[in-house]
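Asker: For reference, the file query_14.cif (mmCIF, C-alpha atoms) is included below:
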data_work
loop_
_atom_site.group_PDB
_atom_site.id
_atom_site.type_symbol
_atom_site.label_atom_id
_atom_site.label_comp_id
_atom_site.auth_asym_id
_atom_site.auth_seq_id
_atom_site.Cartn_x
_atom_site.Cartn_y
_atom_site.Cartn_z
ATOM 1 C CA MET A 1 34.837 62.360 123.634
ATOM 2 C CA PHE A 2 36.245 65.800 122.826
ATOM 3 C CA GLN A 3 38.731 67.332 125.228
ATOM 4 C CA GLY A 4 42.444 67.870 125.649
ATOM 5 C CA SER A 5 44.786 68.470 122.723
ATOM 6 C CA ILE A 6 42.936 68.594 119.416
ATOM 7 C CA VAL A 7 45.248 69.152 116.475
ATOM 8 C CA ALA A 8 44.172 71.490 113.682
ATOM 9 C CA ILE A 9 46.008 69.284 111.219
ATOM 10 C CA VAL A 10 47.711 70.668 108.112
ATOM 11 C CA THR A 11 46.748 69.411 104.674
ATOM 12 C CA PRO A 12 50.005 68.015 103.203
ATOM 13 C CA MET A 13 50.710 69.008 99.619
ATOM 14 C CA SER A 14 53.258 68.170 96.971
ATOM 15 C CA ALA A 15 55.459 70.916 95.544
ATOM 16 C CA ASP A 16 52.864 71.575 92.830
ATOM 17 C CA GLY A 17 50.130 72.124 95.433
ATOM 18 C CA SER A 18 48.295 68.834 94.946
ATOM 19 C CA VAL A 19 47.090 67.055 98.087
ATOM 20 C CA ASP A 20 49.577 64.430 99.317
ATOM 21 C CA LEU A 21 47.505 61.586 100.761
ATOM 22 C CA ASP A 22 50.519 59.452 101.676
ATOM 23 C CA ALA A 23 51.830 62.244 103.894
ATOM 24 C CA LEU A 24 48.360 62.757 105.379
ATOM 25 C CA LYS A 25 48.261 59.094 106.401
ATOM 26 C CA LYS A 26 51.700 59.455 107.986
ATOM 27 C CA LEU A 27 50.557 62.513 109.947
ATOM 28 C CA VAL A 28 47.407 60.815 111.242
ATOM 29 C CA GLU A 29 49.468 57.830 112.403
ATOM 30 C CA PHE A 30 51.930 60.242 114.069
ATOM 31 C CA HIS A 31 49.128 61.838 116.092
ATOM 32 C CA ILE A 32 47.683 58.507 117.130
ATOM 33 C CA SER A 33 51.080 57.331 118.385
ATOM 34 C CA GLU A 34 51.859 60.632 120.167
ATOM 35 C CA GLY A 35 48.621 60.805 122.158
ATOM 36 C CA THR A 36 46.745 63.613 120.389
ATOM 37 C CA ASP A 37 43.150 63.515 121.645
ATOM 38 C CA ALA A 38 41.332 64.385 118.401
ATOM 39 C CA ILE A 39 41.940 65.757 114.904
ATOM 40 C CA VAL A 40 40.304 68.712 113.170
ATOM 41 C CA SER A 41 40.463 68.025 109.439
ATOM 42 C CA VAL A 42 40.390 70.929 106.969
ATOM 43 C CA GLY A 43 40.142 73.783 109.392
ATOM 44 C CA THR A 44 42.013 77.046 108.901
ATOM 45 C CA THR A 45 45.370 75.294 109.362
ATOM 46 C CA GLY A 46 44.266 72.740 106.780
ATOM 47 C CA GLU A 47 43.974 75.504 104.155
ATOM 48 C CA SER A 48 40.228 75.146 103.852
ATOM 49 C CA ALA A 49 40.035 78.479 102.030
ATOM 50 C CA THR A 50 41.933 77.196 98.988
ATOM 51 C CA LEU A 51 40.724 73.603 98.702
ATOM 52 C CA SER A 52 37.949 72.954 96.222
ATOM 53 C CA MET A 53 34.671 71.558 97.547
ATOM 54 C CA GLU A 54 35.650 68.141 96.173
ATOM 55 C CA GLU A 55 39.123 68.254 97.745
ATOM 56 C CA HIS A 56 37.682 69.497 101.035
ATOM 57 C CA SER A 57 35.330 66.539 101.387
ATOM 58 C CA MET A 58 37.939 64.092 100.087
ATOM 59 C CA VAL A 59 40.561 65.128 102.671
ATOM 60 C CA ILE A 60 38.005 64.767 105.468
ATOM 61 C CA ARG A 61 36.971 61.345 104.166
ATOM 62 C CA LYS A 62 40.578 60.139 103.916
ATOM 63 C CA THR A 63 41.444 61.474 107.375
ATOM 64 C CA ILE A 64 38.549 59.493 108.837
ATOM 65 C CA GLU A 65 39.705 56.413 106.913
ATOM 66 C CA TYR A 66 43.292 56.747 108.163
ATOM 67 C CA ALA A 67 42.147 57.364 111.751
ATOM 68 C CA SER A 68 40.403 53.956 111.682
ATOM 69 C CA GLY A 69 38.369 54.799 114.765
ATOM 70 C CA LYS A 70 41.531 55.162 116.875
ATOM 71 C CA ILE A 71 41.148 58.930 117.248
ATOM 72 C CA PRO A 72 38.056 61.129 116.795
ATOM 73 C CA VAL A 73 37.906 63.296 113.672
ATOM 74 C CA ILE A 74 36.155 66.666 113.687
ATOM 75 C CA ALA A 75 35.489 67.932 110.179
ATOM 76 C CA GLY A 76 35.935 71.591 109.363
ATOM 77 C CA THR A 77 32.782 72.441 107.422
ATOM 78 C CA GLY A 78 32.307 76.173 107.866
ATOM 79 C CA ALA A 79 31.799 78.655 105.039
ATOM 80 C CA ASN A 80 30.527 82.196 104.555
ATOM 81 C CA SER A 81 27.695 80.749 102.487
ATOM 82 C CA THR A 82 25.135 78.910 104.590
ATOM 83 C CA THR A 83 24.265 76.694 101.630
ATOM 84 C CA GLU A 84 27.912 75.714 101.145
ATOM 85 C CA ALA A 85 28.366 75.039 104.867
ATOM 86 C CA LEU A 86 25.298 72.812 104.802
ATOM 87 C CA GLU A 87 26.673 70.791 101.896
ATOM 88 C CA LEU A 88 30.081 70.345 103.548
ATOM 89 C CA THR A 89 28.458 69.357 106.843
ATOM 90 C CA GLU A 90 26.193 66.816 105.154
ATOM 91 C CA ASN A 91 29.221 65.352 103.335
ATOM 92 C CA ALA A 92 31.180 65.105 106.579
ATOM 93 C CA LYS A 93 28.328 63.313 108.304
ATOM 94 C CA ALA A 94 28.086 60.840 105.410
ATOM 95 C CA ALA A 95 31.848 60.238 105.657
ATOM 96 C CA GLY A 96 31.589 59.296 109.329
ATOM 97 C CA ALA A 97 32.968 62.371 111.108
ATOM 98 C CA GLN A 98 32.347 62.402 114.856
ATOM 99 C CA ALA A 99 31.557 66.138 114.798
ATOM 100 C CA CYS A 100 31.881 69.251 112.645
ATOM 101 C CA LEU A 101 33.624 72.570 113.305
ATOM 102 C CA LEU A 102 31.941 75.588 111.723
ATOM 103 C CA VAL A 103 33.679 78.948 111.505
ATOM 104 C CA THR A 104 31.734 82.187 111.639
ATOM 105 C CA PRO A 105 30.954 83.424 108.114
ATOM 106 C CA TYR A 106 33.851 85.545 106.916
ATOM 107 C CA TYR A 107 33.973 88.615 104.655
ATOM 108 C CA ASN A 108 30.229 89.328 104.599
ATOM 109 C CA LYS A 109 30.239 90.521 108.276
ATOM 110 C CA PRO A 110 26.849 89.206 109.457
ATOM 111 C CA PRO A 111 25.226 90.767 112.535
ATOM 112 C CA GLN A 112 24.759 88.703 115.684
ATOM 113 C CA GLU A 113 21.252 87.648 114.610
ATOM 114 C CA GLY A 114 22.660 86.533 111.249
ATOM 115 C CA LEU A 115 25.266 84.417 113.037
ATOM 116 C CA TYR A 116 22.565 82.856 115.206
ATOM 117 C CA GLN A 117 20.307 82.022 112.253
ATOM 118 C CA HIS A 118 23.244 80.670 110.181
ATOM 119 C CA PHE A 119 24.349 78.191 112.842
ATOM 120 C CA ARG A 120 20.802 77.332 113.846
ATOM 121 C CA LYS A 121 19.914 76.462 110.232
ATOM 122 C CA ILE A 122 22.895 74.099 109.888
ATOM 123 C CA ALA A 123 22.307 72.439 113.265
ATOM 124 C CA GLU A 124 18.614 71.866 112.590
ATOM 125 C CA THR A 125 19.279 70.534 109.091
ATOM 126 C CA VAL A 126 22.204 68.151 109.739
ATOM 127 C CA ASP A 127 21.981 65.827 112.727
ATOM 128 C CA ILE A 128 25.627 65.681 113.798
ATOM 129 C CA PRO A 129 27.397 67.213 116.821
ATOM 130 C CA GLN A 130 28.580 70.701 115.897
ATOM 131 C CA ILE A 131 31.230 72.989 117.367
ATOM 132 C CA LEU A 132 31.145 76.699 116.656
ATOM 133 C CA TYR A 133 34.360 78.549 115.774
ATOM 134 C CA ASN A 134 34.935 82.225 116.495
ATOM 135 C CA VAL A 135 38.143 83.734 115.078
ATOM 136 C CA PRO A 136 37.586 87.477 114.596
ATOM 137 C CA GLY A 137 41.179 88.124 113.548
ATOM 138 C CA ARG A 138 40.529 86.166 110.347
ATOM 139 C CA THR A 139 36.821 86.666 109.711
ATOM 140 C CA SER A 140 36.234 90.342 110.675
ATOM 141 C CA VAL A 141 33.256 89.286 112.763
ATOM 142 C CA ASP A 142 33.201 88.544 116.478
ATOM 143 C CA MET A 143 30.483 86.223 117.765
ATOM 144 C CA LEU A 144 29.681 87.582 121.214
ATOM 145 C CA PRO A 145 29.226 85.352 124.278
ATOM 146 C CA GLU A 146 25.507 86.084 124.434
ATOM 147 C CA THR A 147 25.074 84.748 120.875
ATOM 148 C CA THR A 148 27.075 81.637 121.723
ATOM 149 C CA ALA A 149 24.936 81.168 124.824
ATOM 150 C CA ARG A 150 21.771 81.298 122.694
ATOM 151 C CA LEU A 151 23.211 78.713 120.321
ATOM 152 C CA SER A 152 24.275 76.464 123.211
ATOM 153 C CA GLN A 153 20.578 75.759 123.798
ATOM 154 C CA ILE A 154 20.389 73.840 120.483
ATOM 155 C CA SER A 155 20.930 70.188 121.338
ATOM 156 C CA ASN A 156 23.508 69.218 118.716
ATOM 157 C CA ILE A 157 25.596 72.385 119.093
ATOM 158 C CA ILE A 158 27.910 70.933 121.708
ATOM 159 C CA GLY A 159 30.692 73.484 122.032
ATOM 160 C CA THR A 160 32.697 76.366 120.650
ATOM 161 C CA LYS A 161 36.275 77.033 119.629
ATOM 162 C CA GLU A 162 37.059 80.530 120.843
ATOM 163 C CA ALA A 163 40.051 82.164 119.159
ATOM 164 C CA HIS A 164 39.424 85.680 120.412
ATOM 165 C CA GLY A 165 42.828 85.305 122.065
ATOM 166 C CA THR A 166 42.024 86.322 125.631
ATOM 167 C CA VAL A 167 41.424 84.294 128.759
ATOM 168 C CA ALA A 168 38.814 86.889 129.742
ATOM 169 C CA ARG A 169 36.642 85.797 126.789
ATOM 170 C CA ILE A 170 36.986 82.142 127.844
ATOM 171 C CA LYS A 171 35.801 83.075 131.338
ATOM 172 C CA GLU A 172 32.831 84.958 129.883
ATOM 173 C CA LEU A 173 31.802 81.898 127.882
ATOM 174 C CA VAL A 174 32.215 79.534 130.836
ATOM 175 C CA ALA A 175 29.924 81.797 132.856
ATOM 176 C CA ALA A 176 27.347 82.264 130.076
ATOM 177 C CA CYS A 177 26.952 78.707 128.759
ATOM 178 C CA PRO A 178 25.630 75.471 130.329
ATOM 179 C CA ALA A 179 28.156 73.306 132.165
ATOM 180 C CA GLU A 180 27.873 70.525 129.572
ATOM 181 C CA PHE A 181 28.668 72.915 126.693
ATOM 182 C CA LYS A 182 32.324 72.439 125.761
ATOM 183 C CA ILE A 183 34.503 75.505 125.383
ATOM 184 C CA PHE A 184 37.801 75.075 123.542
ATOM 185 C CA THR A 185 40.475 77.658 123.074
ATOM 186 C CA GLY A 186 41.903 78.203 119.624
ATOM 187 C CA ASP A 187 44.910 80.158 120.864
ATOM 188 C CA ASP A 188 48.045 78.179 121.712
ATOM 189 C CA SER A 189 49.648 81.019 123.660
ATOM 190 C CA THR A 190 46.804 81.159 126.187
ATOM 191 C CA ALA A 191 45.781 77.479 126.071
ATOM 192 C CA MET A 192 47.020 76.508 129.521
ATOM 193 C CA GLU A 193 45.431 79.509 131.238
ATOM 194 C CA SER A 194 42.213 78.949 129.289
ATOM 195 C CA ILE A 195 41.936 75.333 130.422
ATOM 196 C CA LEU A 196 42.662 76.299 134.014
ATOM 197 C CA ALA A 197 39.842 78.848 133.610
ATOM 198 C CA GLY A 198 37.361 76.184 132.492
ATOM 199 C CA ALA A 199 38.002 75.384 128.831
ATOM 200 C CA LYS A 200 37.949 71.679 127.963
ATOM 201 C CA GLY A 201 40.884 71.700 125.571
ATOM 202 C CA ASN A 202 42.903 73.408 122.885
ATOM 203 C CA ILE A 203 42.350 73.182 119.130
ATOM 204 C CA SER A 204 45.979 73.648 118.313
ATOM 205 C CA VAL A 205 48.446 74.591 115.590
ATOM 206 C CA THR A 206 51.439 73.790 117.821
ATOM 207 C CA ALA A 207 50.202 70.215 118.285
ATOM 208 C CA ASN A 208 51.125 69.580 114.644
ATOM 209 C CA VAL A 209 54.814 69.561 115.592
ATOM 210 C CA ALA A 210 54.711 68.912 119.369
ATOM 211 C CA PRO A 211 51.752 66.562 119.818
ATOM 212 C CA ALA A 212 52.976 64.710 122.913
ATOM 213 C CA LEU A 213 53.897 67.881 124.789
ATOM 214 C CA MET A 214 50.628 69.612 123.927
ATOM 215 C CA HIS A 215 48.657 66.563 125.025
ATOM 216 C CA GLN A 216 50.580 66.398 128.299
ATOM 217 C CA MET A 217 50.105 70.099 128.990
ATOM 218 C CA CYS A 218 46.385 70.028 128.278
ATOM 219 C CA GLN A 219 45.881 66.912 130.384
ATOM 220 C CA ALA A 220 47.815 68.370 133.306
ATOM 221 C CA ALA A 221 45.700 71.533 133.154
ATOM 222 C CA LEU A 222 42.482 69.495 132.954
ATOM 223 C CA ASP A 223 43.650 67.498 135.982
ATOM 224 C CA GLY A 224 44.329 70.699 137.902
ATOM 225 C CA ASP A 225 48.062 69.946 138.029
ATOM 226 C CA GLU A 226 49.057 73.557 137.510
ATOM 227 C CA ALA A 227 52.759 73.076 138.267
ATOM 228 C CA THR A 228 53.194 70.427 135.565
ATOM 229 C CA ALA A 229 51.086 72.384 133.085
ATOM 230 C CA ARG A 230 53.141 75.532 133.636
ATOM 231 C CA SER A 231 56.410 73.647 133.243
ATOM 232 C CA ILE A 232 55.366 72.244 129.868
ATOM 233 C CA GLU A 233 53.865 75.562 128.773
ATOM 234 C CA LYS A 234 57.219 77.225 129.440
ATOM 235 C CA GLN A 235 58.879 74.696 127.109
ATOM 236 C CA LEU A 236 56.278 75.405 124.385
ATOM 237 C CA ALA A 237 55.934 79.164 124.844
ATOM 238 C CA ASP A 238 58.397 80.254 122.155
ATOM 239 C CA LEU A 239 57.017 77.710 119.686
ATOM 240 C CA ASN A 240 53.459 78.919 120.333
ATOM 241 C CA SER A 241 54.611 82.381 119.314
ATOM 242 C CA GLN A 242 56.995 81.673 116.450
ATOM 243 C CA LEU A 243 54.610 79.365 114.581
ATOM 244 C CA PHE A 244 52.681 82.571 113.867
ATOM 245 C CA ILE A 245 55.675 84.663 112.812
ATOM 246 C CA GLU A 246 54.140 84.484 109.339
ATOM 247 C CA ALA A 247 50.562 83.669 108.378
ATOM 248 C CA SER A 248 49.612 80.208 109.588
ATOM 249 C CA PRO A 249 50.082 77.517 108.316
ATOM 250 C CA ILE A 250 53.242 78.804 106.604
ATOM 251 C CA PRO A 251 55.615 78.263 109.582
ATOM 252 C CA VAL A 252 54.089 75.002 110.794
ATOM 253 C CA LYS A 253 54.241 73.476 107.292
ATOM 254 C CA TRP A 254 57.892 74.543 107.047
ATOM 255 C CA ALA A 255 58.594 72.875 110.408
ATOM 256 C CA LEU A 256 56.814 69.658 109.461
ATOM 257 C CA GLY A 257 58.789 69.596 106.229
ATOM 258 C CA LYS A 258 62.060 69.905 108.128
ATOM 259 C CA MET A 259 60.876 67.124 110.470
ATOM 260 C CA GLY A 260 60.419 64.868 107.431
ATOM 261 C CA TYR A 261 56.641 64.479 107.545
ATOM 262 C CA ILE A 262 55.515 66.527 104.550
ATOM 263 C CA GLN A 263 56.725 68.058 101.305
ATOM 264 C CA SER A 264 57.001 71.793 100.724
ATOM 265 C CA GLY A 265 53.632 72.343 99.049
ATOM 266 C CA ILE A 266 51.355 75.196 100.045
ATOM 267 C CA ARG A 267 48.553 76.884 98.092
ATOM 268 C CA LEU A 268 48.699 80.402 96.721
ATOM 269 C CA PRO A 269 48.143 83.085 97.848
ATOM 270 C CA LEU A 270 50.224 81.633 100.697
ATOM 271 C CA VAL A 271 53.885 81.026 99.898
ATOM 272 C CA PRO A 272 56.721 79.086 101.585
ATOM 273 C CA MET A 273 58.277 80.640 104.680
ATOM 274 C CA SER A 274 60.826 83.380 104.093
ATOM 275 C CA ASP A 275 64.483 82.948 104.996
ATOM 276 C CA ASN A 276 64.098 85.793 107.516
ATOM 277 C CA SER A 277 61.966 83.562 109.770
ATOM 278 C CA VAL A 278 64.082 80.403 109.687
ATOM 279 C CA ASP A 279 66.326 81.166 112.657
ATOM 280 C CA ALA A 280 63.435 82.103 114.965
ATOM 281 C CA VAL A 281 61.351 79.036 114.146
ATOM 282 C CA THR A 282 64.394 76.749 114.352
ATOM 283 C CA ALA A 283 65.285 78.111 117.806
ATOM 284 C CA ALA A 284 61.700 77.624 119.001
ATOM 285 C CA LEU A 285 61.673 74.014 117.814
ATOM 286 C CA LYS A 286 64.955 73.411 119.618
ATOM 287 C CA GLN A 287 63.561 74.959 122.823
ATOM 288 C CA ALA A 288 60.667 72.471 122.621
ATOM 289 C CA GLY A 289 63.086 69.567 122.122
ATOM 290 C CA ILE A 290 62.163 68.973 118.474
ATOM 291 C CA SER A 291 64.970 67.938 116.139
ATOM 292 C CA ILE A 292 65.033 69.028 112.503
#
Output the file's structure as structure tokens, nothing else.
Answerer:
Amino acid sequence: MFQGSIVAIVTPMSADGSVDLDALKKLVEFHISEGTDAIVSVGTTGESATLSMEEHSMVIRKTIEYASGKIPVIAGTGANSTTEALELTENAKAAGAQACLLVTPYYNKPPQEGLYQHFRKIAETVDIPQILYNVPGRTSVDMLPETTARLSQISNIIGTKEAHGTVARIKELVAACPAEFKIFTGDDSTAMESILAGAKGNISVTANVAPALMHQMCQAALDGDEATARSIEKQLADLNSQLFIEASPIPVKWALGKMGYIQSGIRLPLVPMSDNSVDAVTAALKQAGISI
């Protein structure tokens, strides 16, 4: 069920920062029509850190409603509090999510055994497929391949999103984990190489604005069609870089606004994209064939 291009969808907001459900519905329909393989709702790109618990669960519930079974929805339910992550995961299961994505606990810097016990507790408590999420650049903790391999033995932990940012880490995970355990990259710039190295897909920021191209690239790489994958990756390369010119999701929300899909809202402490970044992001969109 889960492979290919999985969009880490933004949470659309009005200028005052309130969640814009009409725009969310439009985005979900956009991804269905463009061939996106699955949606992650309220992950990092969805501003999970600044949504209230009620908003968090509501956005997941509405995303599932708008998807109408046409595209799988993976709910972002991670937290640095195990109790909070359990509550979010239980809510996502009740809402009908196909799986949950759980980030490593941030700020409190747990040791590897703490990471293992955290994810084990959630998996054993909530019977829903779960995908781990390692993003040390944001959390200040790096879940090592040996810890992921231990967790892969738990039946409903079905995969991991690895955003370490290197293909070498993807290769380590492929070697350490069972063949049926799904490894996803969380780094657009190395997505093609990661899939060619054995990852099953890309949980992507770029797919927000270039869903068809990202789907085509991921599928070509999964099919072993390296020439086609490399050709598409070349078209997306600048976009993969420039969408992180400022803290994500600042640039991707700016781009979606210019494309006419969302309003300008973003939650403090993030702010709208600076004028200094406009030319670079605009050029990258043009290189990818996206009109604004």
Asker: Would you kindly identify which residues have an atom no farther than 9 Å from (35.5, 70.8, 104.8), using only C-alpha atoms and the file's own coordinates, and write them out as a PyMOL selection string?
Answerer: chain A and resi 41-43+48+51+53+55-60+75-79+85+88-89+91-92+100-101
Asker: With distances taken over all atoms listed in the file, which residue among A:Thr190, A:Asn208, A:Gln112, A:Gln117 lies nearest Ala221 of chain A?
Answerer: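 Under the stated criterion, the closest residue is A:Thr190.
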Asker: Quick one: contact table of segment 133-232 of chain A to segment 16-37 of chain A, 9 Å max, nearest atom pair and distance in Å to one decimal per residue, counting only C-alpha atoms, chain and number order, as CSV?
Answerer:
residue,atom,partner,partner_atom,distance
A:Ala207,CA,A:Thr36,CA,7.7
A:Asn208,CA,A:His31,CA,8.1
A:Ala210,CA,A:Glu34,CA,8.8
A:Pro211,CA,A:Thr36,CA,5.8
A:Ala212,CA,A:Glu34,CA,5.0
A:Leu213,CA,A:Glu34,CA,8.8
A:Met214,CA,A:Thr36,CA,8.0
A:His215,CA,A:Thr36,CA,5.8
A:Gln216,CA,A:Gly35,CA,8.5
Asker: Counting only C-alpha atoms, which residues have an atom no more than 8 Å from (32.0, 77.7, 113.2) in the file's coordinates? Please list them as a compact mmCIF listing (two decimals) with C-alpha atoms, in the frame of the given file.
Answerer:
# COMPACT_ATOMS: atom_id res chain seq x y z
CA THR A 77 32.78 72.44 107.42
CA GLY A 78 32.31 76.17 107.87
CA LEU A 101 33.62 72.57 113.30
CA LEU A 102 31.94 75.59 111.72
CA VAL A 103 33.68 78.95 111.50
CA THR A 104 31.73 82.19 111.64
CA PRO A 105 30.95 83.42 108.11
CA PHE A 119 24.35 78.19 112.84
CA ILE A 131 31.23 72.99 117.37
CA LEU A 132 31.14 76.70 116.66
CA TYR A 133 34.36 78.55 115.77
CA ASN A 134 34.94 82.22 116.50
CA THR A 160 32.70 76.37 120.65
CA LYS A 161 36.28 77.03 119.63
Asker: Starting from the PyMOL selection byres ((chain A and resi 265) around 8), expand the selection into actual residues of this file and give them as a ChimeraX atom specification.
Answerer: /A:12-18,263-264,266-267,272
Asker: How many Å lie between atom CA of Gly198 of chain A and atom CA of Ala288 of chain A, rounded to one decimal?
Answerer: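 Between atom CA of Gly198 of chain A and atom CA of Ala288 of chain A the gap is 25.6 Å.
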Asker: What is the distance, in Å and to one decimal place, between atom CA of Thr206 of chain A and atom CA of Arg61 of chain A?
Answerer: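 Value for the atom CA of Thr206 of chain A-atom CA of Arg61 of chain A distance: 23.5 Å.
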Asker: Rank A:Ala199, A:Val10, A:Thr147, A:Ala38 by their smallest atom-to-atom distance to Val167 of chain A, using only C-alpha atoms, and report the top residue only.
Answerer: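 Under the stated criterion, the closest residue is A:Ala199.
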Asker: Please enumerate the residues selected by the PyMOL selection byres ((chain A and resi 68) around 12) when evaluated against the supplied file, formatted as a ChimeraX atom specification.
Answerer: /A:25,28-29,32,61-67,69-73,96-97
Asker: Find the residues around Ile250 of chain A up to 9 Å (only C-alpha atoms counted), leave out those fewer than 6 positions away in its own chain, and share them as a list of chain:residue names.
Answerer: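 After dropping sequence-adjacent residues, the list is A:Leu243, A:Phe244, A:Ile266, A:Leu270, A:Val271, A:Pro272, A:Met273.
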Asker: Residues near Ser140 of chain A, anyone? I mean within 8 Å using all atoms listed in the file, not counting same-chain ones fewer than 4 positions away, as a list in words.
Answerer: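 Using all atoms listed in the file, the neighbours found are Tyr106, Tyr107, Lys109 and Pro136 of chain A.
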Asker: For the file shown, what are the residues hit by the PyMOL selection byres ((chain A and resi 193) around 12), laid out as a ChimeraX atom specification?
Answerer: /A:165-171,184-185,187-192,194-202,217-218,220-222,224,226,229-230,233
Asker: Measure the distance from atom CA of Thr139 of chain A to atom CA of Ala163 of chain A in Å and round it to one decimal.
Answerer: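 These two atoms are separated by 11.0 Å.
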Asker: Closest to Asp127 of chain A among A:Asn156, A:Ser291, A:Thr82, A:Asn276, using all atoms listed in the file?
Answerer: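 Closest to Asp127 of chain A, using all atoms listed in the file: A:Asn156.
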Asker: Closest to Phe181 of chain A among A:Ile203, A:Val281, A:Ile39, A:Ser155, using only C-alpha atoms?
Answerer: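 That would be A:Ser155, the residue with the smallest distance to Phe181 of chain A.
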Asker: Could you check which of A:Asp225, A:Glu162, A:Glu180, A:Asp238 is closest to Ser204 of chain A, using only C-alpha atoms?
Answerer: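 The closest residue to Ser204 of chain A is A:Glu162.
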Asker: Between A:Thr45, A:Lys121, A:Ala227, A:Gln153, single out the one closest to Lys253 of chain A, counting all atoms listed in the file.
Answerer: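 Ranking A:Thr45, A:Lys121, A:Ala227, A:Gln153 by distance to Lys253 of chain A, first place goes to A:Thr45.
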